[in-house]
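Colleague: This is coords.cif (mmCIF, N, CA and C atoms and all ligand atoms).
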```
data_entry
#
loop_
_atom_site.label_atom_id
_atom_site.label_comp_id
_atom_site.auth_asym_id
_atom_site.auth_seq_id
_atom_site.Cartn_x
_atom_site.Cartn_y
_atom_site.Cartn_z
N MET S 1 0.83 -1.20 0.00
CA MET S 1 0.00 0.00 0.00
C MET S 1 0.88 1.27 0.00
N TYR S 2 0.45 2.25 -0.80
CA TYR S 2 1.24 3.48 -0.93
C TYR S 2 0.49 4.69 -0.37
N PHE S 3 1.26 5.67 0.11
CA PHE S 3 0.70 6.97 0.49
C PHE S 3 0.88 7.89 -0.71
N ARG S 4 -0.24 8.38 -1.23
CA ARG S 4 -0.21 9.21 -2.44
C ARG S 4 0.15 10.65 -2.10
N LYS S 5 1.07 11.23 -2.84
CA LYS S 5 1.43 12.63 -2.63
C LYS S 5 1.35 13.37 -3.98
N LEU S 6 0.66 14.50 -3.98
CA LEU S 6 0.41 15.23 -5.23
C LEU S 6 1.57 16.14 -5.63
N TYR S 7 1.92 16.10 -6.90
CA TYR S 7 2.95 16.97 -7.48
C TYR S 7 2.43 17.56 -8.78
N THR S 8 3.07 18.63 -9.22
CA THR S 8 2.75 19.21 -10.54
C THR S 8 4.00 19.15 -11.42
N LEU S 9 3.77 19.24 -12.72
CA LEU S 9 4.88 19.28 -13.68
C LEU S 9 4.37 20.06 -14.90
N VAL S 10 5.03 21.18 -15.20
CA VAL S 10 4.55 22.06 -16.28
C VAL S 10 5.61 22.18 -17.37
N PHE S 11 5.14 22.06 -18.62
CA PHE S 11 6.02 22.23 -19.78
C PHE S 11 5.52 23.41 -20.61
N LEU S 12 6.42 24.36 -20.88
CA LEU S 12 6.12 25.44 -21.82
C LEU S 12 6.57 24.99 -23.19
N ARG S 13 5.73 25.26 -24.20
CA ARG S 13 6.03 24.74 -25.54
C ARG S 13 5.63 25.72 -26.61
N ASN S 14 6.30 25.60 -27.76
CA ASN S 14 5.76 26.23 -28.97
C ASN S 14 5.73 25.15 -30.05
N ASP S 15 5.62 25.53 -31.30
CA ASP S 15 5.47 24.50 -32.34
C ASP S 15 6.70 23.61 -32.50
N THR S 16 7.87 24.13 -32.14
CA THR S 16 9.10 23.38 -32.42
C THR S 16 9.96 23.10 -31.18
N HIS S 17 9.74 23.87 -30.11
CA HIS S 17 10.63 23.77 -28.95
C HIS S 17 9.86 23.56 -27.64
N ILE S 18 10.57 23.00 -26.66
CA ILE S 18 10.01 22.81 -25.32
C ILE S 18 11.01 23.38 -24.31
N LEU S 19 10.49 24.01 -23.27
CA LEU S 19 11.37 24.58 -22.24
C LEU S 19 11.59 23.54 -21.14
N LEU S 20 12.85 23.23 -20.89
CA LEU S 20 13.19 22.33 -19.78
C LEU S 20 14.07 23.12 -18.81
N GLY S 21 14.13 22.63 -17.57
CA GLY S 21 15.00 23.27 -16.59
C GLY S 21 15.97 22.23 -16.04
N LEU S 22 17.22 22.63 -15.88
CA LEU S 22 18.20 21.74 -15.26
C LEU S 22 18.09 21.94 -13.75
N LYS S 23 17.71 20.85 -13.04
CA LYS S 23 17.50 20.95 -11.59
C LYS S 23 18.84 21.17 -10.89
N LYS S 24 18.91 22.22 -10.07
CA LYS S 24 20.19 22.59 -9.46
C LYS S 24 20.39 22.01 -8.07
N ARG S 25 19.30 21.50 -7.46
CA ARG S 25 19.44 20.97 -6.10
C ARG S 25 18.30 20.00 -5.80
N GLY S 26 18.49 19.19 -4.76
CA GLY S 26 17.42 18.33 -4.26
C GLY S 26 17.05 17.18 -5.19
N PHE S 27 15.79 16.79 -5.12
CA PHE S 27 15.29 15.63 -5.87
C PHE S 27 15.44 15.88 -7.38
N GLY S 28 16.11 14.95 -8.06
CA GLY S 28 16.29 15.09 -9.50
C GLY S 28 17.40 16.05 -9.90
N VAL S 29 18.32 16.32 -8.96
CA VAL S 29 19.42 17.25 -9.26
C VAL S 29 20.20 16.80 -10.50
N ASP S 30 20.59 17.76 -11.33
CA ASP S 30 21.36 17.53 -12.56
C ASP S 30 20.55 16.86 -13.68
N LYS S 31 19.23 16.77 -13.50
CA LYS S 31 18.39 16.23 -14.58
C LYS S 31 17.59 17.39 -15.19
N TRP S 32 17.34 17.29 -16.50
CA TRP S 32 16.44 18.22 -17.18
C TRP S 32 15.02 17.73 -16.96
N ASN S 33 14.12 18.66 -16.69
CA ASN S 33 12.72 18.28 -16.47
C ASN S 33 11.84 19.50 -16.72
N GLY S 34 10.52 19.28 -16.62
CA GLY S 34 9.61 20.40 -16.59
C GLY S 34 9.71 21.06 -15.22
N PHE S 35 8.81 22.04 -14.99
CA PHE S 35 8.86 22.82 -13.75
C PHE S 35 7.69 22.40 -12.86
N GLY S 36 8.00 22.08 -11.61
CA GLY S 36 6.92 21.65 -10.74
C GLY S 36 7.40 21.24 -9.38
N GLY S 37 6.46 20.77 -8.57
CA GLY S 37 6.80 20.34 -7.21
C GLY S 37 5.56 19.96 -6.44
N LYS S 38 5.71 19.93 -5.14
CA LYS S 38 4.62 19.45 -4.27
C LYS S 38 3.44 20.42 -4.23
N VAL S 39 2.24 19.85 -4.18
CA VAL S 39 1.04 20.65 -3.96
C VAL S 39 0.92 20.84 -2.44
N GLU S 40 0.84 22.11 -2.02
CA GLU S 40 0.76 22.41 -0.58
C GLU S 40 -0.66 22.18 -0.08
N ILE S 41 -0.77 22.00 1.25
CA ILE S 41 -2.10 21.86 1.87
C ILE S 41 -2.88 23.16 1.60
N ASN S 42 -4.18 23.01 1.36
CA ASN S 42 -5.07 24.16 1.08
C ASN S 42 -4.74 24.88 -0.22
N GLU S 43 -4.10 24.21 -1.14
CA GLU S 43 -3.77 24.79 -2.45
C GLU S 43 -4.37 23.88 -3.52
N THR S 44 -4.95 24.47 -4.56
CA THR S 44 -5.45 23.61 -5.64
C THR S 44 -4.25 23.16 -6.48
N ILE S 45 -4.47 22.09 -7.23
CA ILE S 45 -3.38 21.55 -8.06
C ILE S 45 -2.95 22.61 -9.08
N ILE S 46 -3.92 23.27 -9.68
CA ILE S 46 -3.60 24.25 -10.71
C ILE S 46 -2.87 25.46 -10.12
N ASP S 47 -3.27 25.88 -8.92
CA ASP S 47 -2.56 26.99 -8.26
C ASP S 47 -1.12 26.57 -7.95
N ALA S 48 -0.94 25.32 -7.55
CA ALA S 48 0.42 24.82 -7.27
C ALA S 48 1.25 24.81 -8.55
N ALA S 49 0.63 24.41 -9.66
CA ALA S 49 1.35 24.37 -10.94
C ALA S 49 1.84 25.78 -11.31
N ILE S 50 0.96 26.77 -11.14
CA ILE S 50 1.31 28.16 -11.48
C ILE S 50 2.40 28.66 -10.53
N ARG S 51 2.26 28.37 -9.24
CA ARG S 51 3.24 28.83 -8.24
C ARG S 51 4.62 28.22 -8.49
N GLU S 52 4.65 26.89 -8.71
CA GLU S 52 5.95 26.23 -8.89
C GLU S 52 6.65 26.72 -10.17
N LEU S 53 5.85 26.91 -11.24
CA LEU S 53 6.44 27.40 -12.49
C LEU S 53 7.08 28.76 -12.26
N LYS S 54 6.37 29.64 -11.54
CA LYS S 54 6.90 30.98 -11.29
C LYS S 54 8.14 30.92 -10.39
N GLU S 55 8.06 30.11 -9.32
CA GLU S 55 9.21 30.01 -8.39
C GLU S 55 10.46 29.49 -9.11
N GLU S 56 10.26 28.56 -10.03
CA GLU S 56 11.41 27.88 -10.63
C GLU S 56 11.91 28.51 -11.92
N SER S 57 11.05 29.32 -12.60
CA SER S 57 11.47 29.87 -13.89
C SER S 57 11.16 31.35 -14.07
N CYS S 58 10.44 31.94 -13.10
CA CYS S 58 10.01 33.35 -13.15
C CYS S 58 8.94 33.61 -14.21
N VAL S 59 8.42 32.55 -14.82
CA VAL S 59 7.39 32.72 -15.84
C VAL S 59 6.01 32.66 -15.19
N VAL S 60 5.11 33.53 -15.67
CA VAL S 60 3.75 33.56 -15.14
C VAL S 60 2.79 33.03 -16.22
N VAL S 61 1.96 32.09 -15.80
CA VAL S 61 0.96 31.56 -16.73
C VAL S 61 -0.42 31.69 -16.08
N LYS S 62 -1.40 32.02 -16.91
CA LYS S 62 -2.77 32.14 -16.39
C LYS S 62 -3.42 30.76 -16.40
N LYS S 63 -4.35 30.57 -15.44
CA LYS S 63 -5.07 29.29 -15.34
C LYS S 63 -5.65 28.86 -16.68
N CYS S 64 -6.25 29.84 -17.39
CA CYS S 64 -6.95 29.49 -18.64
C CYS S 64 -5.98 29.04 -19.73
N ASN S 65 -4.70 29.31 -19.55
CA ASN S 65 -3.71 28.91 -20.57
C ASN S 65 -2.96 27.63 -20.20
N LEU S 66 -3.34 27.00 -19.09
CA LEU S 66 -2.71 25.73 -18.70
C LEU S 66 -3.60 24.58 -19.17
N LYS S 67 -2.98 23.66 -19.90
CA LYS S 67 -3.76 22.51 -20.40
C LYS S 67 -3.31 21.27 -19.64
N ASN S 68 -4.25 20.57 -19.05
CA ASN S 68 -3.94 19.33 -18.33
C ASN S 68 -3.71 18.22 -19.36
N ILE S 69 -2.48 17.73 -19.45
CA ILE S 69 -2.18 16.77 -20.52
C ILE S 69 -1.83 15.37 -20.03
N GLY S 70 -1.71 15.20 -18.70
CA GLY S 70 -1.36 13.85 -18.28
C GLY S 70 -1.33 13.68 -16.79
N HIS S 71 -1.16 12.41 -16.41
CA HIS S 71 -1.16 12.02 -15.00
C HIS S 71 -0.17 10.87 -14.89
N LEU S 72 0.90 11.09 -14.14
CA LEU S 72 1.94 10.07 -13.99
C LEU S 72 1.99 9.61 -12.54
N GLU S 73 2.26 8.33 -12.33
CA GLU S 73 2.41 7.82 -10.96
C GLU S 73 3.76 7.14 -10.85
N PHE S 74 4.58 7.60 -9.91
CA PHE S 74 5.92 7.03 -9.72
C PHE S 74 6.05 6.44 -8.33
N THR S 75 6.63 5.25 -8.26
CA THR S 75 7.00 4.69 -6.96
C THR S 75 8.47 4.31 -7.02
N PHE S 76 9.09 4.30 -5.88
CA PHE S 76 10.51 3.97 -5.78
C PHE S 76 10.67 2.82 -4.79
N GLU S 77 11.57 1.89 -5.14
CA GLU S 77 11.75 0.71 -4.31
C GLU S 77 12.03 1.10 -2.86
N GLY S 78 11.31 0.50 -1.92
CA GLY S 78 11.55 0.74 -0.49
C GLY S 78 10.92 2.01 0.04
N ASP S 79 10.20 2.75 -0.83
CA ASP S 79 9.58 4.01 -0.40
C ASP S 79 8.06 3.84 -0.46
N PRO S 80 7.36 4.04 0.66
CA PRO S 80 5.91 3.85 0.68
C PRO S 80 5.12 4.99 0.04
N THR S 81 5.81 6.02 -0.48
CA THR S 81 5.10 7.16 -1.08
C THR S 81 4.94 6.96 -2.58
N MET S 82 3.73 7.21 -3.08
CA MET S 82 3.53 7.25 -4.54
C MET S 82 3.49 8.71 -4.96
N MET S 83 4.34 9.09 -5.92
CA MET S 83 4.28 10.46 -6.45
C MET S 83 3.19 10.50 -7.51
N ASP S 84 2.18 11.28 -7.24
CA ASP S 84 1.03 11.42 -8.14
C ASP S 84 1.22 12.76 -8.86
N VAL S 85 1.71 12.69 -10.10
CA VAL S 85 2.18 13.90 -10.79
C VAL S 85 1.18 14.32 -11.86
N ARG S 86 0.66 15.54 -11.72
CA ARG S 86 -0.30 16.09 -12.69
C ARG S 86 0.47 16.98 -13.67
N VAL S 87 0.36 16.62 -14.96
CA VAL S 87 1.20 17.25 -15.98
C VAL S 87 0.39 18.25 -16.80
N TYR S 88 0.97 19.43 -17.01
CA TYR S 88 0.32 20.51 -17.76
C TYR S 88 1.25 21.03 -18.84
N SER S 89 0.65 21.61 -19.89
CA SER S 89 1.46 22.33 -20.86
C SER S 89 0.83 23.71 -21.10
N ALA S 90 1.66 24.62 -21.55
CA ALA S 90 1.18 25.97 -21.87
C ALA S 90 2.04 26.54 -22.99
N SER S 91 1.39 27.29 -23.87
CA SER S 91 2.16 27.97 -24.92
C SER S 91 1.98 29.48 -24.83
N ILE S 92 1.07 29.92 -23.98
CA ILE S 92 0.90 31.36 -23.75
C ILE S 92 1.30 31.66 -22.32
N PHE S 93 2.26 32.57 -22.15
CA PHE S 93 2.75 32.88 -20.81
C PHE S 93 3.38 34.27 -20.83
N GLU S 94 3.66 34.78 -19.63
CA GLU S 94 4.28 36.12 -19.52
C GLU S 94 5.63 36.00 -18.85
N GLY S 95 6.59 36.80 -19.33
CA GLY S 95 7.93 36.84 -18.73
C GLY S 95 8.89 35.94 -19.48
N ALA S 96 10.17 36.25 -19.29
CA ALA S 96 11.22 35.44 -19.93
C ALA S 96 11.71 34.41 -18.93
N PRO S 97 11.86 33.14 -19.37
CA PRO S 97 12.40 32.13 -18.48
C PRO S 97 13.77 32.56 -17.95
N THR S 98 13.93 32.51 -16.64
CA THR S 98 15.11 33.04 -15.98
C THR S 98 15.64 32.02 -14.99
N GLU S 99 16.97 31.94 -14.87
CA GLU S 99 17.55 31.00 -13.91
C GLU S 99 17.18 31.40 -12.48
N THR S 100 16.85 30.38 -11.68
CA THR S 100 16.52 30.59 -10.27
C THR S 100 17.43 29.70 -9.41
N ASP S 101 17.21 29.73 -8.08
CA ASP S 101 18.01 28.87 -7.20
C ASP S 101 17.81 27.39 -7.52
N GLU S 102 16.62 27.07 -8.08
CA GLU S 102 16.27 25.66 -8.29
C GLU S 102 16.53 25.14 -9.69
N MET S 103 16.34 26.00 -10.70
CA MET S 103 16.36 25.52 -12.09
C MET S 103 17.08 26.48 -13.02
N SER S 104 17.73 25.90 -14.02
CA SER S 104 18.35 26.68 -15.08
C SER S 104 17.61 26.35 -16.38
N PRO S 105 16.80 27.28 -16.91
CA PRO S 105 15.94 26.96 -18.05
C PRO S 105 16.64 27.04 -19.42
N LYS S 106 16.18 26.21 -20.34
CA LYS S 106 16.73 26.22 -21.71
C LYS S 106 15.68 25.64 -22.66
N TRP S 107 15.55 26.27 -23.85
CA TRP S 107 14.65 25.75 -24.87
C TRP S 107 15.36 24.65 -25.65
N PHE S 108 14.65 23.56 -25.91
CA PHE S 108 15.19 22.45 -26.71
C PHE S 108 14.27 22.20 -27.90
N ALA S 109 14.89 22.00 -29.07
CA ALA S 109 14.09 21.57 -30.23
C ALA S 109 13.55 20.17 -29.93
N TYR S 110 12.36 19.87 -30.47
CA TYR S 110 11.76 18.55 -30.21
C TYR S 110 12.68 17.41 -30.67
N THR S 111 13.53 17.71 -31.62
CA THR S 111 14.44 16.68 -32.13
C THR S 111 15.72 16.57 -31.31
N GLU S 112 15.86 17.43 -30.30
CA GLU S 112 17.12 17.44 -29.53
C GLU S 112 16.88 17.38 -28.01
N ILE S 113 15.90 16.61 -27.62
CA ILE S 113 15.60 16.48 -26.18
C ILE S 113 16.74 15.68 -25.52
N PRO S 114 17.30 16.16 -24.39
CA PRO S 114 18.48 15.50 -23.80
C PRO S 114 18.12 14.31 -22.90
N PHE S 115 17.51 13.27 -23.52
CA PHE S 115 17.01 12.15 -22.72
C PHE S 115 18.08 11.49 -21.85
N GLN S 116 19.34 11.56 -22.30
CA GLN S 116 20.42 10.92 -21.52
C GLN S 116 20.61 11.61 -20.17
N ASP S 117 20.13 12.85 -20.05
CA ASP S 117 20.27 13.59 -18.79
C ASP S 117 18.91 13.90 -18.17
N MET S 118 17.96 12.95 -18.36
CA MET S 118 16.61 13.12 -17.82
C MET S 118 16.23 11.86 -17.05
N TRP S 119 15.08 11.88 -16.36
CA TRP S 119 14.60 10.67 -15.71
C TRP S 119 14.42 9.60 -16.78
N PRO S 120 14.76 8.33 -16.46
CA PRO S 120 14.70 7.29 -17.50
C PRO S 120 13.31 7.03 -18.06
N ASP S 121 12.26 7.38 -17.31
CA ASP S 121 10.90 7.15 -17.82
C ASP S 121 10.54 8.14 -18.93
N ASP S 122 11.22 9.28 -18.96
CA ASP S 122 10.78 10.36 -19.86
C ASP S 122 10.81 9.95 -21.33
N ILE S 123 11.79 9.13 -21.69
CA ILE S 123 11.90 8.74 -23.12
C ILE S 123 10.70 7.90 -23.56
N ILE S 124 9.99 7.33 -22.57
CA ILE S 124 8.82 6.50 -22.91
C ILE S 124 7.61 7.39 -23.20
N TRP S 125 7.38 8.41 -22.34
CA TRP S 125 6.12 9.16 -22.51
C TRP S 125 6.27 10.51 -23.22
N PHE S 126 7.51 11.06 -23.28
CA PHE S 126 7.69 12.34 -23.98
C PHE S 126 7.19 12.29 -25.43
N PRO S 127 7.52 11.22 -26.19
CA PRO S 127 7.08 11.21 -27.60
C PRO S 127 5.57 11.36 -27.74
N PHE S 128 4.79 10.78 -26.83
CA PHE S 128 3.33 10.93 -26.89
C PHE S 128 2.94 12.39 -26.62
N MET S 129 3.62 12.97 -25.63
CA MET S 129 3.33 14.38 -25.30
C MET S 129 3.68 15.28 -26.48
N LEU S 130 4.83 15.05 -27.07
CA LEU S 130 5.29 15.95 -28.14
C LEU S 130 4.41 15.81 -29.39
N LYS S 131 3.88 14.61 -29.63
CA LYS S 131 2.98 14.39 -30.77
C LYS S 131 1.61 14.99 -30.52
N GLY S 132 1.37 15.32 -29.23
CA GLY S 132 0.06 15.88 -28.87
C GLY S 132 -0.99 14.82 -28.66
N SER S 133 -0.55 13.56 -28.47
CA SER S 133 -1.54 12.50 -28.29
C SER S 133 -1.84 12.25 -26.81
N CYS S 134 -1.49 13.19 -25.96
CA CYS S 134 -1.94 13.09 -24.57
C CYS S 134 -2.19 14.49 -24.04
C1 LIG P 201 10.69 9.36 -11.73
O1 LIG P 201 10.43 10.05 -12.91
C2 LIG P 201 10.10 11.33 -12.99
N1 LIG P 201 10.13 11.87 -14.22
C3 LIG P 201 9.83 13.16 -14.40
N2 LIG P 201 9.87 13.67 -15.65
N3 LIG P 201 9.50 14.00 -13.39
C4 LIG P 201 9.46 13.47 -12.18
C5 LIG P 201 9.76 12.14 -11.90
N4 LIG P 201 9.63 11.96 -10.56
C6 LIG P 201 9.27 13.13 -10.04
N5 LIG P 201 9.16 14.05 -11.01
C7 LIG P 201 8.83 15.47 -10.87
C8 LIG P 201 7.59 15.77 -10.12
C9 LIG P 201 7.86 17.16 -9.61
O2 LIG P 201 7.60 18.11 -10.63
C10 LIG P 201 9.36 17.14 -9.34
C11 LIG P 201 9.73 16.87 -7.91
O3 LIG P 201 9.34 17.93 -7.12
P1 LIG P 201 10.28 18.46 -5.92
O4 LIG P 201 10.61 17.34 -5.02
O5 LIG P 201 11.40 19.23 -6.51
O6 LIG P 201 9.23 19.39 -5.23
P2 LIG P 201 9.43 20.81 -4.54
O7 LIG P 201 8.11 21.13 -3.92
O8 LIG P 201 9.95 21.81 -5.54
O9 LIG P 201 10.49 20.45 -3.48
P3 LIG P 201 11.41 21.35 -2.54
O10 LIG P 201 10.73 22.69 -2.41
O11 LIG P 201 11.49 20.56 -1.27
O12 LIG P 201 12.73 21.46 -3.28
O13 LIG P 201 9.88 16.09 -10.14
#
```
Would you mind writing the file out in structure tokens?

Modeller:
Amino acid sequence: MYFRKLYTLVFLRNDTHILLGLKKRGFGVDKWNGFGGKVEINETIIDAAIRELKEESCVVVKKCNLKNIGHLEFTFEGDPTMMDVRVYSASIFEGAPTETDEMSPKWFAYTEIPFQDMWPDDIIWFPFMLKGSC
């Protein structure tokens, strides 16, 4: 039996590129990923997605411009917590992606995603996301 914990993960995209951030500390350090983190108590999932994106990249996105594109569940051997990750994408946002204490942002062409420096599961589900089939 697992204890479920809610997380968010946001990807900014345009027709050809996706914004990833290189995690500078903590869980997933030195991996490229979307922007996200834990949903706080008394916070909606979407508010958490907006807050984490801003904290980690300085980009502001409006609720109406966030599209819910997926739901991932991760478990780790010996850990009773299940990470319940709600995934969003947005192509309309305000501000320029800026390095923060947590993340260093960079745009990648869809053909040049750095899977070798990402979580190993990403190569399985990213292609579906990039094709727009989720
Ligand atoms: C295991 O595979 C994973 N793949 C991908 N692509 N993303 C993952 C995976 N496991 C977790 N994640 C995501 C989910 C969240 O967006 C982050 C983890 O959040 P974090 O622990 O950094 O949460 P914060 O609230 O920012 O934590 P601190 O404030 O304590 O730094 O990774």

Colleague: Could you list the protein, DNA and RNA residues that have any atom within 7 Å of ligand LIG 201 (chain P), counting all atoms listed in the file, and write them as a PyMOL selection string?

Modeller: chain S and resi 7-10+25-28+32-39+52+74-75+83+85+118-122

Colleague: Taking 6 positions as the minimum chain separation for residues in the same chain, which residues sit within 7 Å of Ile92 in chain S when counting all atoms listed in the file? Answer as a PyMOL selection string.

Modeller: chain S and resi 13+60-62+65

Colleague: So how far away is atom N of Pro105 in chain S from CA of Arg4 in chain S, in Å?

Modeller: 28.7 Å

Colleague: Can you tell me which residues surround Met1 in chain S at a distance of at most 8 Å, considering all atoms listed in the file, apart from same-chain residues fewer than 3 positions away, and format the answer as a ChimeraX atom specification?

Modeller: /S:4,79-82

Colleague: What does the distance from CA of Glu112 in chain S to atom N of Phe128 in chain S come to in Å, to one decimal?

Modeller: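 Interatomic distance, CA of Glu112 in chain S to atom N of Phe128 in chain S: 14.3 Å.
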
Colleague: Go through range 1-133 of chain S and collect every residue that DSSP, computed from the backbone, puts in helix (DSSP H, G or I); the answer should be as a ChimeraX atom specification.

Modeller: /S:45-57,63-65,110-112,115-117,122-131

Colleague: Out of S:Ala90, S:Ile41, S:Leu72, S:Val59, which residue has the shortest atom-to-atom distance to Leu12 in chain S when counting only C-alpha atoms?

Modeller: S:Ala90

Colleague: What are the DSSP strand (DSSP E or B) residues of chain S, as a ChimeraX atom specification?

Modeller: /S:3-13,17-23,32-33,35,38,60,67-75,81-90,94,103-109

Colleague: For Lys24 in chain S, find every residue with an atom within 10 Å (counting only C-alpha atoms), except residues of its own chain fewer than 3 positions away, and show them as a PyMOL selection string.

Modeller: chain S and resi 21+27-32+99-104

Colleague: For CA of Ile18 in chain S and atom C of Ile50 in chain S, determine how far apart the two atoms are, in Å to one decimal place.

Modeller: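 Rounded to one decimal, the two atoms are 17.6 Å apart.
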
Colleague: Point out the residue among S:Lys63, S:Asp84, S:Ile69, S:Thr98 with the least atom-to-atom distance to Met129 in chain S, counting all atoms listed in the file.

Modeller: S:Ile69
